[in-house]
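Below is start_26.txt, which holds compact mmCIF, C-alpha atoms and all ligand atoms.
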```txt
# COMPACT_ATOMS: atom_id res chain seq x y z
CA MET R 1194 1.33 -8.31 61.94
CA LYS R 1195 -2.42 -8.69 61.75
CA ILE R 1196 -3.69 -6.03 59.37
CA GLY R 1197 -7.26 -5.09 58.46
CA ILE R 1198 -7.92 -3.35 55.13
CA THR R 1199 -11.03 -1.55 53.94
CA CYS R 1200 -11.27 -0.34 50.35
CA HIS R 1201 -13.77 0.23 47.57
CA PRO R 1202 -13.87 -3.18 45.87
CA SER R 1203 -14.91 -1.87 42.43
CA ALA R 1204 -12.54 -1.33 39.48
CA GLY R 1205 -11.06 1.94 40.82
CA GLY R 1206 -7.43 2.75 41.49
CA SER R 1207 -7.78 2.98 45.28
CA GLY R 1208 -9.24 -0.53 45.57
CA ILE R 1209 -6.66 -1.90 43.17
CA LEU R 1210 -3.76 -0.40 45.11
CA ALA R 1211 -5.22 -1.63 48.43
CA THR R 1212 -5.55 -5.13 46.99
CA GLU R 1213 -2.00 -5.17 45.59
CA LEU R 1214 -0.70 -3.95 48.97
CA GLY R 1215 -2.67 -6.65 50.81
CA ILE R 1216 -1.30 -9.35 48.50
CA ALA R 1217 2.28 -8.10 48.85
CA LEU R 1218 1.99 -7.90 52.67
CA SER R 1219 0.50 -11.41 52.81
CA GLU R 1220 3.48 -12.68 50.81
CA ARG R 1221 5.72 -11.19 53.51
CA GLY R 1222 3.93 -13.33 56.09
CA HIS R 1223 1.46 -10.79 57.50
CA GLU R 1224 -2.12 -11.84 58.12
CA ILE R 1225 -4.51 -9.71 56.04
CA HIS R 1226 -8.23 -9.25 56.61
CA PHE R 1227 -10.19 -7.38 53.92
CA VAL R 1228 -13.55 -5.93 54.93
CA THR R 1229 -15.59 -4.92 51.86
CA PHE R 1230 -19.11 -5.33 50.49
CA ASP R 1231 -17.93 -7.33 47.45
CA PRO R 1232 -14.76 -9.28 46.61
CA PRO R 1233 -12.00 -6.77 45.72
CA PHE R 1234 -11.82 -6.48 41.90
CA ARG R 1235 -8.23 -7.67 41.51
CA LEU R 1236 -8.36 -10.40 44.14
CA THR R 1237 -9.00 -13.07 41.56
CA ARG R 1238 -7.69 -16.10 43.47
CA THR R 1239 -7.16 -17.27 47.04
CA TYR R 1240 -3.98 -16.49 49.00
CA LYS R 1241 -2.66 -18.26 52.07
CA ASN R 1242 -2.70 -15.31 54.46
CA ILE R 1243 -5.64 -13.35 53.05
CA HIS R 1244 -9.14 -13.48 54.51
CA CYS R 1245 -12.18 -11.64 53.15
CA HIS R 1246 -15.11 -10.55 55.28
CA TYR R 1247 -18.18 -9.06 53.64
CA VAL R 1248 -20.40 -6.35 55.05
CA GLU R 1249 -23.97 -7.52 55.43
CA PHE R 1250 -26.82 -5.17 54.62
CA VAL R 1251 -30.25 -5.28 56.15
CA SER R 1252 -32.89 -3.89 53.84
CA TYR R 1253 -35.93 -2.59 55.62
CA PRO R 1254 -38.77 -0.43 54.22
CA LEU R 1255 -38.00 2.30 56.74
CA PHE R 1256 -34.45 2.70 55.38
CA THR R 1257 -34.76 4.79 52.23
CA TYR R 1258 -30.95 4.75 52.21
CA PRO R 1259 -29.48 1.49 53.60
CA PRO R 1260 -27.12 2.43 56.49
CA PHE R 1261 -23.95 1.10 54.82
CA SER R 1262 -21.46 3.00 57.00
CA GLN R 1263 -22.95 1.61 60.19
CA ALA R 1264 -22.90 -1.93 58.81
CA LEU R 1265 -19.26 -1.41 57.78
CA THR R 1266 -18.36 -0.05 61.22
CA THR R 1267 -19.94 -3.04 62.94
CA LYS R 1268 -18.11 -5.48 60.65
CA ILE R 1269 -14.74 -3.79 61.27
CA ALA R 1270 -15.29 -3.97 65.05
CA GLU R 1271 -16.35 -7.62 64.81
CA VAL R 1272 -13.36 -8.66 62.67
CA ALA R 1273 -10.88 -6.60 64.70
CA GLU R 1274 -12.00 -8.13 67.99
CA GLU R 1275 -12.19 -11.71 66.74
CA GLN R 1276 -8.91 -11.62 64.83
CA GLY R 1277 -6.86 -9.40 67.15
CA ILE R 1278 -6.16 -6.81 64.44
CA GLU R 1279 -3.23 -4.50 65.24
CA ILE R 1280 -3.38 -2.10 62.27
CA TRP R 1281 -6.45 -0.99 60.35
CA HIS R 1282 -5.55 0.44 56.95
CA ALA R 1283 -8.39 2.52 55.48
CA HIS R 1284 -8.06 3.29 51.78
CA TYR R 1285 -10.13 6.35 50.87
CA ALA R 1286 -11.15 8.65 53.70
CA ILE R 1287 -14.91 8.29 53.31
CA PRO R 1288 -16.43 6.17 54.68
CA HIS R 1289 -13.52 3.87 55.50
CA ALA R 1290 -11.38 5.99 57.82
CA PHE R 1291 -14.38 7.26 59.73
CA ALA R 1292 -15.82 3.73 60.06
CA ALA R 1293 -12.49 2.46 61.44
CA LEU R 1294 -12.47 5.27 64.04
CA ALA R 1295 -16.02 4.51 65.12
CA ALA R 1296 -15.29 0.75 65.24
CA ARG R 1297 -12.26 1.34 67.46
CA GLN R 1298 -14.36 3.27 69.93
CA MET R 1299 -16.66 0.27 70.27
CA LEU R 1300 -13.83 -2.04 71.36
CA PRO R 1301 -12.48 -2.65 74.89
CA PRO R 1302 -9.08 -1.05 75.72
CA GLY R 1303 -7.03 -4.21 75.14
CA LYS R 1304 -8.46 -4.66 71.62
CA GLN R 1305 -7.64 -1.22 70.20
CA PHE R 1306 -5.88 -1.05 66.82
CA LYS R 1307 -3.91 1.72 65.12
CA ILE R 1308 -5.46 3.42 62.09
CA VAL R 1309 -3.63 4.32 58.90
CA THR R 1310 -5.62 6.29 56.33
CA THR R 1311 -4.41 6.46 52.74
CA LEU R 1312 -5.83 9.26 50.61
CA HIS R 1313 -6.25 8.44 46.93
CA GLY R 1314 -7.51 11.68 45.42
CA THR R 1315 -11.19 12.04 44.82
CA ASP R 1316 -11.75 11.44 48.55
CA ILE R 1317 -10.10 14.87 49.00
CA THR R 1318 -10.58 16.73 45.72
CA LEU R 1319 -14.21 15.86 44.95
CA VAL R 1320 -15.93 14.14 47.86
CA GLY R 1321 -14.03 15.43 50.89
CA SER R 1322 -14.05 19.06 49.82
CA ASP R 1323 -17.83 19.01 49.34
CA PRO R 1324 -19.39 21.07 52.17
CA SER R 1325 -21.51 18.13 53.29
CA PHE R 1326 -18.43 15.94 53.85
CA TRP R 1327 -15.67 18.44 54.70
CA ARG R 1328 -15.99 18.30 58.50
CA LEU R 1329 -16.24 14.49 58.58
CA THR R 1330 -13.26 14.05 56.27
CA ARG R 1331 -11.10 16.38 58.36
CA TYR R 1332 -12.15 14.65 61.58
CA ALA R 1333 -11.27 11.24 60.12
CA MET R 1334 -7.82 12.42 59.06
CA GLN R 1335 -7.04 14.32 62.28
CA ASN R 1336 -7.90 11.28 64.37
CA SER R 1337 -6.10 8.64 62.29
CA ASP R 1338 -2.75 7.59 63.73
CA ALA R 1339 -1.12 8.23 60.35
CA VAL R 1340 -2.32 9.68 57.06
CA THR R 1341 -0.58 8.97 53.77
CA ALA R 1342 -1.24 10.34 50.28
CA VAL R 1343 -0.31 8.76 46.96
CA SER R 1344 1.54 11.77 45.49
CA ASN R 1345 3.16 15.01 46.60
CA TRP R 1346 0.47 16.86 44.70
CA LEU R 1347 -2.23 15.17 46.79
CA THR R 1348 -0.32 15.84 50.02
CA ASP R 1349 -0.18 19.57 49.12
CA GLU R 1350 -3.85 19.65 48.05
CA THR R 1351 -4.89 18.01 51.32
CA GLN R 1352 -2.99 20.60 53.33
CA ARG R 1353 -4.40 23.46 51.26
CA GLU R 1354 -7.94 22.20 51.71
CA PHE R 1355 -7.83 20.83 55.28
CA ASP R 1356 -4.81 22.37 57.04
CA LEU R 1357 -4.13 19.25 59.15
CA GLU R 1358 -2.02 19.53 62.31
CA VAL R 1359 0.23 16.77 60.96
CA PRO R 1360 0.44 16.84 57.14
CA PRO R 1361 0.07 13.53 55.27
CA THR R 1362 3.19 11.59 54.34
CA THR R 1363 3.57 10.83 50.65
CA ILE R 1364 3.95 7.14 49.84
CA TYR R 1365 3.80 6.75 46.08
CA ASN R 1366 1.70 4.03 44.50
CA PHE R 1367 3.75 1.13 43.23
CA LEU R 1368 3.85 -1.46 40.48
CA ASN R 1369 4.58 -5.15 40.36
CA THR R 1370 6.94 -4.99 37.38
CA ASP R 1371 7.12 -8.77 37.12
CA ARG R 1372 3.41 -8.93 36.32
CA PHE R 1373 3.30 -5.69 34.31
CA SER R 1374 5.91 -6.12 31.62
CA SER R 1375 6.14 -6.23 27.84
CA ARG R 1376 5.37 -9.69 26.49
CA PRO R 1377 4.41 -11.29 23.18
CA VAL R 1378 0.68 -10.71 22.66
CA ARG R 1379 -2.01 -11.49 20.10
CA ARG R 1380 -2.51 -7.99 18.68
CA CYS R 1381 -4.72 -9.40 15.92
CA ASP R 1382 -7.58 -9.66 18.43
CA PHE R 1383 -7.82 -5.89 18.25
CA ALA R 1384 -6.19 -4.61 15.08
CA ALA R 1385 -5.14 -5.68 11.60
CA ASP R 1386 -1.53 -5.68 10.40
CA GLY R 1387 -0.26 -2.14 9.99
CA GLU R 1388 -2.82 -0.66 12.36
CA LYS R 1389 -1.74 0.97 15.62
CA ILE R 1390 -3.54 0.31 18.89
CA ILE R 1391 -4.48 3.19 21.19
CA MET R 1392 -5.84 2.12 24.57
CA HIS R 1393 -7.86 3.91 27.23
CA ILE R 1394 -8.59 2.29 30.61
CA SER R 1395 -10.87 3.84 33.22
CA ASN R 1396 -14.14 3.73 35.10
CA PHE R 1397 -15.67 6.15 32.56
CA ARG R 1398 -16.47 8.79 35.16
CA PRO R 1399 -16.77 12.44 34.03
CA VAL R 1400 -13.34 13.24 35.57
CA LYS R 1401 -11.78 10.87 32.96
CA ARG R 1402 -13.04 13.00 30.02
CA VAL R 1403 -13.63 9.90 27.94
CA THR R 1404 -15.23 11.81 25.08
CA ASP R 1405 -11.90 13.67 24.64
CA VAL R 1406 -10.37 10.26 23.91
CA VAL R 1407 -12.75 9.81 20.98
CA ARG R 1408 -12.44 13.42 19.72
CA ALA R 1409 -8.64 13.18 19.66
CA PHE R 1410 -8.83 9.68 18.16
CA LYS R 1411 -10.83 11.04 15.20
CA LYS R 1412 -7.98 13.50 14.50
CA ILE R 1413 -5.39 10.73 14.87
CA VAL R 1414 -7.10 8.18 12.66
CA ASP R 1415 -7.33 10.72 9.84
CA ARG R 1416 -3.51 10.55 9.72
CA VAL R 1417 -2.46 7.12 11.07
CA PRO R 1418 -4.34 3.81 10.61
CA ALA R 1419 -5.36 2.89 14.14
CA LYS R 1420 -7.89 1.17 16.40
CA LEU R 1421 -9.06 2.47 19.77
CA VAL R 1422 -9.50 -0.09 22.56
CA MET R 1423 -11.61 1.17 25.45
CA VAL R 1424 -11.36 -0.87 28.66
CA GLY R 1425 -13.74 -0.34 31.58
CA ASP R 1426 -17.28 0.83 32.03
CA GLY R 1427 -19.17 3.60 33.77
CA PRO R 1428 -21.53 6.55 33.45
CA GLU R 1429 -19.89 8.18 30.40
CA ARG R 1430 -19.90 5.09 28.19
CA MET R 1431 -23.13 5.90 26.37
CA SER R 1432 -22.14 9.48 25.55
CA THR R 1433 -18.77 8.20 24.34
CA VAL R 1434 -20.51 5.80 21.95
CA GLY R 1435 -22.71 8.71 20.82
CA VAL R 1436 -19.72 10.95 20.06
CA ALA R 1437 -18.00 8.08 18.22
CA LYS R 1438 -21.07 7.62 16.00
CA GLN R 1439 -21.34 11.36 15.36
CA LEU R 1440 -17.67 11.52 14.30
CA GLY R 1441 -17.97 8.39 12.15
CA VAL R 1442 -15.34 6.36 14.03
CA ARG R 1443 -17.56 3.90 15.94
CA ASP R 1444 -16.40 0.97 13.78
CA ARG R 1445 -12.77 1.69 14.70
CA ILE R 1446 -13.44 1.40 18.45
CA GLU R 1447 -13.59 -1.76 20.56
CA PHE R 1448 -15.37 -1.49 23.94
CA LEU R 1449 -14.07 -4.34 26.09
CA GLY R 1450 -15.88 -3.58 29.37
CA LYS R 1451 -14.29 -4.27 32.75
CA HIS R 1452 -11.20 -6.45 32.72
CA PRO R 1453 -9.41 -7.63 35.89
CA ASP R 1454 -6.34 -8.99 34.04
CA ILE R 1455 -5.24 -5.71 32.58
CA HIS R 1456 -1.58 -6.84 32.51
CA GLU R 1457 -2.52 -9.29 29.76
CA ILE R 1458 -3.96 -6.74 27.35
CA LEU R 1459 -1.88 -3.63 28.11
CA PRO R 1460 1.19 -4.91 26.23
CA CYS R 1461 -0.92 -4.92 23.02
CA ALA R 1462 -1.09 -1.13 23.08
CA ASP R 1463 1.14 1.21 21.08
CA LEU R 1464 -0.05 4.14 23.18
CA VAL R 1465 -2.09 4.53 26.37
CA PHE R 1466 -4.27 7.64 26.41
CA GLN R 1467 -5.61 9.17 29.69
CA PRO R 1468 -6.86 12.75 29.15
CA SER R 1469 -8.33 13.18 32.69
CA GLU R 1470 -9.52 16.44 34.19
CA HIS R 1471 -7.13 15.59 37.01
CA GLU R 1472 -5.50 12.53 38.57
CA SER R 1473 -3.99 12.43 42.02
CA PHE R 1474 -1.56 9.80 40.73
CA GLY R 1475 -2.49 7.82 37.61
CA LEU R 1476 -2.17 4.10 38.21
CA VAL R 1477 -3.06 3.22 34.61
CA PRO R 1478 -0.19 5.32 33.18
CA LEU R 1479 2.17 3.59 35.64
CA GLU R 1480 0.91 0.16 34.57
CA ALA R 1481 1.40 1.17 30.93
CA MET R 1482 4.95 2.27 31.69
CA GLY R 1483 5.65 -1.13 33.27
CA CYS R 1484 4.57 -2.72 29.97
CA GLU R 1485 6.85 -0.40 27.95
CA VAL R 1486 3.93 1.51 26.47
CA PRO R 1487 4.27 5.31 25.99
CA VAL R 1488 1.62 7.42 27.76
CA LEU R 1489 -0.32 10.40 26.49
CA ALA R 1490 -2.00 12.19 29.40
CA THR R 1491 -2.89 15.59 30.81
CA ALA R 1492 -0.57 17.72 32.93
CA SER R 1493 -3.04 17.56 35.78
CA GLY R 1494 -2.23 16.84 39.43
CA GLY R 1495 -0.01 13.96 40.48
CA ILE R 1496 0.21 12.50 37.00
CA CYS R 1497 3.11 14.91 36.39
CA GLU R 1498 5.04 12.96 39.06
CA VAL R 1499 4.42 9.70 37.18
CA VAL R 1500 4.81 10.54 33.47
CA GLU R 1501 7.92 12.45 32.45
CA HIS R 1502 6.97 14.80 29.59
CA GLY R 1503 8.95 14.11 26.44
CA VAL R 1504 10.68 11.10 28.02
CA THR R 1505 8.10 8.44 28.91
CA GLY R 1506 5.24 10.06 26.98
CA TYR R 1507 3.64 13.48 26.60
CA LEU R 1508 1.48 15.68 28.84
CA CYS R 1509 -1.06 18.13 27.36
CA GLU R 1510 -3.41 20.79 28.66
CA VAL R 1511 -6.82 19.40 29.72
CA GLY R 1512 -9.19 19.40 26.72
CA ASP R 1513 -6.55 20.29 24.11
CA THR R 1514 -7.43 17.47 21.71
CA ASP R 1515 -5.43 19.08 18.86
CA ALA R 1516 -2.18 18.84 20.85
CA MET R 1517 -3.10 15.33 22.03
CA ALA R 1518 -3.64 14.18 18.44
CA ALA R 1519 -0.39 15.81 17.28
CA TYR R 1520 1.64 14.07 20.01
CA ALA R 1521 -0.08 10.74 19.35
CA VAL R 1522 0.70 10.95 15.63
CA GLU R 1523 4.32 11.84 16.46
CA ILE R 1524 4.72 8.72 18.61
CA LEU R 1525 2.75 6.33 16.38
CA SER R 1526 4.57 7.27 13.20
CA ASP R 1527 8.04 6.89 14.68
CA PRO R 1528 8.65 3.26 15.87
CA ASP R 1529 12.07 4.15 17.31
CA LYS R 1530 10.59 6.94 19.42
CA GLN R 1531 7.72 4.68 20.54
CA ARG R 1532 10.17 1.94 21.58
CA GLU R 1533 12.52 4.35 23.36
CA MET R 1534 9.70 6.07 25.30
CA GLY R 1535 8.37 2.65 26.31
CA ARG R 1536 11.82 1.53 27.45
CA ARG R 1537 12.31 4.66 29.53
CA GLY R 1538 8.83 4.29 30.99
CA ARG R 1539 9.63 0.85 32.34
CA GLU R 1540 12.98 2.03 33.61
CA ARG R 1541 11.24 4.90 35.48
CA ALA R 1542 8.53 2.58 36.86
CA MET R 1543 11.20 0.28 38.28
CA ARG R 1544 13.34 3.11 39.66
CA VAL R 1545 10.71 5.45 41.17
CA PHE R 1546 7.75 3.16 41.95
CA PRO R 1547 9.17 -0.26 42.90
CA GLN R 1548 6.75 -2.46 44.77
CA ASP R 1549 9.24 -3.80 47.33
CA GLU R 1550 10.39 -0.37 48.43
CA LYS R 1551 6.87 1.10 48.77
CA VAL R 1552 5.50 -1.94 50.62
CA SER R 1553 8.45 -1.61 53.01
CA GLU R 1554 7.53 2.04 53.58
CA TYR R 1555 4.04 0.98 54.69
CA GLU R 1556 5.50 -1.83 56.80
CA THR R 1557 7.88 0.60 58.52
CA LEU R 1558 5.00 2.98 59.20
CA TYR R 1559 2.92 0.18 60.78
CA ARG R 1560 5.84 -0.91 62.97
CA ARG R 1561 6.47 2.65 64.10
CA LEU R 1562 2.83 3.02 65.15
CA LEU R 1563 2.95 -0.24 67.07
CA GLY R 1564 6.09 0.92 68.84
O1 LIG R 1601 -9.74 7.48 39.23
C1 LIG R 1601 -10.74 6.95 39.69
O2 LIG R 1601 -11.85 7.21 39.29
C2 LIG R 1601 -10.62 5.93 40.77
C3 LIG R 1601 -9.95 6.52 41.96
C4 LIG R 1601 -10.21 5.73 43.19
O3 LIG R 1601 -10.22 6.35 44.22
O4 LIG R 1601 -10.41 4.53 43.18
O5 LIG R 1601 -8.55 6.63 41.67
C5 LIG R 1601 -7.78 7.50 42.45
O6 LIG R 1601 -6.86 6.67 43.13
C6 LIG R 1601 -5.88 6.03 42.28
C7 LIG R 1601 -5.00 5.14 43.14
O7 LIG R 1601 -4.30 5.85 44.10
C8 LIG R 1601 -5.08 7.09 41.52
O8 LIG R 1601 -4.15 6.45 40.67
C9 LIG R 1601 -6.04 7.95 40.69
O9 LIG R 1601 -5.30 8.98 40.07
C10 LIG R 1601 -7.11 8.56 41.58
N1 LIG R 1601 -8.11 9.22 40.72
C11 LIG R 1601 -8.26 10.53 40.67
O10 LIG R 1601 -7.61 11.32 41.30
C12 LIG R 1601 -9.31 11.03 39.72
```

Step by step, read the file and then write its structure as structure tokens.
Ligand code: GMT
Amino acid sequence: MKIGITCHPSAGGSGILATELGIALSERGHEIHFVTFDPPFRLTRTYKNIHCHYVEFVSYPLFTYPPFSQALTTKIAEVAEEQGIEIWHAHYAIPHAFAALAARQMLPPGKQFKIVTTLHGTDITLVGSDPSFWRLTRYAMQNSDAVTAVSNWLTDETQREFDLEVPPTTIYNFLNTDRFSSRPVRRCDFAADGEKIIMHISNFRPVKRVTDVVRAFKKIVDRVPAKLVMVGDGPERMSTVGVAKQLGVRDRIEFLGKHPDIHEILPCADLVFQPSEHESFGLVPLEAMGCEVPVLATASGGICEVVEHGVTGYLCEVGDTDAMAAYAVEILSDPDKQREMGRRGRERAMRVFPQDEKVSEYETLYRRLLG
């Protein structure tokens, strides 16, 4: 099949999943065309069947806000017509699904493609439910040929908020467990002998509650020798550094910035810590599980479908840094428990979120739409 993909190319979960899906489909012989404004974050090398097309912006003094969506729409139409695209897969409803719909309308009848929209979370919970975007988001979903969501929680939320005529189908996110696995690593880059490594990975947006990571870490480090490794960057980084200084733990924290090869550093961690306000899925916890690392997260949204409380890690109430610290200390001071939770995490990742099975689910959906 010839498949077009639009996604946010930055270091966010939706772009990462879209990229992994594109790579997996290309390895099955499909021809993939990404349309983005930058190279997708995890597309770090060239692949035989993958082509990237970049949206071109025109800056003009009259445009206070450059018309990105229109440029994206034009590029999708151009690529679809030239390449004979059969399926357009839009990751994140806004603006990608709407742009694909508008692009399709610009094409002659024989060049029409089918549109699959995958909802990732904030496109529904934060952006889509905003009054200024609600109508557009609903229109884009109602007029897609198929809508999928990355967890049952997100499917239910979408229905509650938008009451679609045909509810989304859940297709869980997946993990390449060959790439994400436990492996010998140089822990000494981050911590001295006898110190535990706690890791947080995100785009440091307010929804990630990054300062909770530091507040809980202060309570942990009072009881267990540990280092905190923070991977990623974003708007909350400065306030996180401020809180760390206030609490006197700045020298125990390493800020690594953005890192595309997360599979190489994740196995260093003794615990991955994601205290988000909510997560529609939680790709980082899944990646941690693949690497046999226990997860400490919040019982918020779809993350409860990923992390099994008491088995592959622990889930706490949002903001309850006392409970988070207590669970972290429990795991970090019991190597057998840490190992067993890690083992069960990988087992769950392979059983519930296998890449092959989920990619086949998308493939089956595409084939059904193409009749
Ligand atoms: O979490 C983010 O800030 C990035 C965001 C995105 O859209 O790129 O991630 C969302 O999609 C991921 C992939 O499906 C999910 O694993 C994340 O849980 C989801 N984020 C939220 O719901 C906050």

Given 6 Å on each side, where is the centre and what are the edge lengths in Å to one decimal of the axis-aligned box enclosing the listed atoms of ligand LIG 1601 (chain R), as AutoDock Vina command-line options?
```
--center_x -8.0 --center_y 7.9 --center_z 41.7 --size_x 19.7 --size_y 18.8 --size_z 17.0
```

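Candidate residues R:Phe1250, R:Phe1410, R:Phe1373, R:Phe1230 were compared for distance to Ala1481 of chain R, and the nearest is R:Phe1373, using only C-alpha atoms.
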
Listing only residues of chain R within 10 Å of ligand LIG 1601 (chain R), what is the closest atom pair and its distance in Å (to one decimal) for each, using only C-alpha atoms and all ligand atoms, sorted by chain and residue number ascending, as JSON lines?
```
{"residue": "R:Cys1200", "atom": "CA", "partner": "R:LIG1601", "partner_atom": "O4", "distance": 8.7}
{"residue": "R:His1201", "atom": "CA", "partner": "R:LIG1601", "partner_atom": "O4", "distance": 7.0}
{"residue": "R:Pro1202", "atom": "CA", "partner": "R:LIG1601", "partner_atom": "O4", "distance": 8.9}
{"residue": "R:Ser1203", "atom": "CA", "partner": "R:LIG1601", "partner_atom": "O4", "distance": 7.9}
{"residue": "R:Ala1204", "atom": "CA", "partner": "R:LIG1601", "partner_atom": "O4", "distance": 7.3}
{"residue": "R:Gly1205", "atom": "CA", "partner": "R:LIG1601", "partner_atom": "O4", "distance": 3.6}
{"residue": "R:Gly1206", "atom": "CA", "partner": "R:LIG1601", "partner_atom": "C6", "distance": 3.7}
{"residue": "R:Ser1207", "atom": "CA", "partner": "R:LIG1601", "partner_atom": "O4", "distance": 3.7}
{"residue": "R:Gly1208", "atom": "CA", "partner": "R:LIG1601", "partner_atom": "O4", "distance": 5.7}
{"residue": "R:Ile1209", "atom": "CA", "partner": "R:LIG1601", "partner_atom": "C7", "distance": 7.2}
{"residue": "R:Leu1210", "atom": "CA", "partner": "R:LIG1601", "partner_atom": "C7", "distance": 6.0}
{"residue": "R:Ala1211", "atom": "CA", "partner": "R:LIG1601", "partner_atom": "C7", "distance": 8.6}
{"residue": "R:His1284", "atom": "CA", "partner": "R:LIG1601", "partner_atom": "O3", "distance": 8.4}
{"residue": "R:Tyr1285", "atom": "CA", "partner": "R:LIG1601", "partner_atom": "O3", "distance": 6.7}
{"residue": "R:Ala1286", "atom": "CA", "partner": "R:LIG1601", "partner_atom": "O3", "distance": 9.8}
{"residue": "R:Thr1311", "atom": "CA", "partner": "R:LIG1601", "partner_atom": "O7", "distance": 8.7}
{"residue": "R:Leu1312", "atom": "CA", "partner": "R:LIG1601", "partner_atom": "O7", "distance": 7.5}
{"residue": "R:His1313", "atom": "CA", "partner": "R:LIG1601", "partner_atom": "O6", "distance": 4.2}
{"residue": "R:Gly1314", "atom": "CA", "partner": "R:LIG1601", "partner_atom": "O10", "distance": 4.1}
{"residue": "R:Thr1315", "atom": "CA", "partner": "R:LIG1601", "partner_atom": "O10", "distance": 5.1}
{"residue": "R:Asp1316", "atom": "CA", "partner": "R:LIG1601", "partner_atom": "O3", "distance": 6.9}
{"residue": "R:Ile1317", "atom": "CA", "partner": "R:LIG1601", "partner_atom": "O10", "distance": 8.8}
{"residue": "R:Thr1318", "atom": "CA", "partner": "R:LIG1601", "partner_atom": "O10", "distance": 7.6}
{"residue": "R:Leu1319", "atom": "CA", "partner": "R:LIG1601", "partner_atom": "C12", "distance": 8.6}
{"residue": "R:Ala1342", "atom": "CA", "partner": "R:LIG1601", "partner_atom": "O7", "distance": 8.2}
{"residue": "R:Val1343", "atom": "CA", "partner": "R:LIG1601", "partner_atom": "O7", "distance": 5.7}
{"residue": "R:Ser1344", "atom": "CA", "partner": "R:LIG1601", "partner_atom": "O7", "distance": 8.4}
{"residue": "R:Leu1347", "atom": "CA", "partner": "R:LIG1601", "partner_atom": "O10", "distance": 8.6}
{"residue": "R:Tyr1365", "atom": "CA", "partner": "R:LIG1601", "partner_atom": "O7", "distance": 8.4}
{"residue": "R:Asn1366", "atom": "CA", "partner": "R:LIG1601", "partner_atom": "O7", "distance": 6.3}
{"residue": "R:Phe1367", "atom": "CA", "partner": "R:LIG1601", "partner_atom": "O7", "distance": 9.4}
{"residue": "R:Ser1395", "atom": "CA", "partner": "R:LIG1601", "partner_atom": "O2", "distance": 7.0}
{"residue": "R:Asn1396", "atom": "CA", "partner": "R:LIG1601", "partner_atom": "O2", "distance": 5.9}
{"residue": "R:Phe1397", "atom": "CA", "partner": "R:LIG1601", "partner_atom": "O2", "distance": 7.8}
{"residue": "R:Arg1398", "atom": "CA", "partner": "R:LIG1601", "partner_atom": "O2", "distance": 6.4}
{"residue": "R:Pro1399", "atom": "CA", "partner": "R:LIG1601", "partner_atom": "O2", "distance": 8.9}
{"residue": "R:Val1400", "atom": "CA", "partner": "R:LIG1601", "partner_atom": "C12", "distance": 6.2}
{"residue": "R:Lys1401", "atom": "CA", "partner": "R:LIG1601", "partner_atom": "C12", "distance": 7.2}
{"residue": "R:Gly1427", "atom": "CA", "partner": "R:LIG1601", "partner_atom": "O2", "distance": 9.9}
{"residue": "R:Ser1469", "atom": "CA", "partner": "R:LIG1601", "partner_atom": "C12", "distance": 7.4}
{"residue": "R:Glu1470", "atom": "CA", "partner": "R:LIG1601", "partner_atom": "C12", "distance": 7.7}
{"residue": "R:His1471", "atom": "CA", "partner": "R:LIG1601", "partner_atom": "C12", "distance": 5.7}
{"residue": "R:Glu1472", "atom": "CA", "partner": "R:LIG1601", "partner_atom": "O10", "distance": 3.7}
{"residue": "R:Ser1473", "atom": "CA", "partner": "R:LIG1601", "partner_atom": "O10", "distance": 3.9}
{"residue": "R:Phe1474", "atom": "CA", "partner": "R:LIG1601", "partner_atom": "O9", "distance": 3.9}
{"residue": "R:Gly1475", "atom": "CA", "partner": "R:LIG1601", "partner_atom": "O8", "distance": 3.7}
{"residue": "R:Leu1476", "atom": "CA", "partner": "R:LIG1601", "partner_atom": "O8", "distance": 3.9}
{"residue": "R:Val1477", "atom": "CA", "partner": "R:LIG1601", "partner_atom": "O8", "distance": 7.0}
{"residue": "R:Pro1478", "atom": "CA", "partner": "R:LIG1601", "partner_atom": "O8", "distance": 8.5}
{"residue": "R:Leu1479", "atom": "CA", "partner": "R:LIG1601", "partner_atom": "O8", "distance": 8.6}
{"residue": "R:Ser1493", "atom": "CA", "partner": "R:LIG1601", "partner_atom": "O10", "distance": 9.5}
{"residue": "R:Gly1494", "atom": "CA", "partner": "R:LIG1601", "partner_atom": "O10", "distance": 7.9}
{"residue": "R:Gly1495", "atom": "CA", "partner": "R:LIG1601", "partner_atom": "O9", "distance": 7.3}
{"residue": "R:Ile1496", "atom": "CA", "partner": "R:LIG1601", "partner_atom": "O9", "distance": 7.2}
{"residue": "R:Val1499", "atom": "CA", "partner": "R:LIG1601", "partner_atom": "O8", "distance": 9.8}
```

**Message:** Here is a test: counting all atoms listed in the file, which residue of R:Thr1505, R:Thr1310, R:Ser1322, R:Thr1237 is nearest to Gln1335 of chain R?
**Reply:**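 Under the stated criterion, the closest residue is R:Thr1310.
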
**Item:** Closest of R:Lys1195, R:Lys1411, R:His1246, R:Arg1560 to Lys1438 of chain R - atom-to-atom distances counting all atoms listed in the file
**Value:**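 Under the stated criterion, the closest residue is R:Lys1411.
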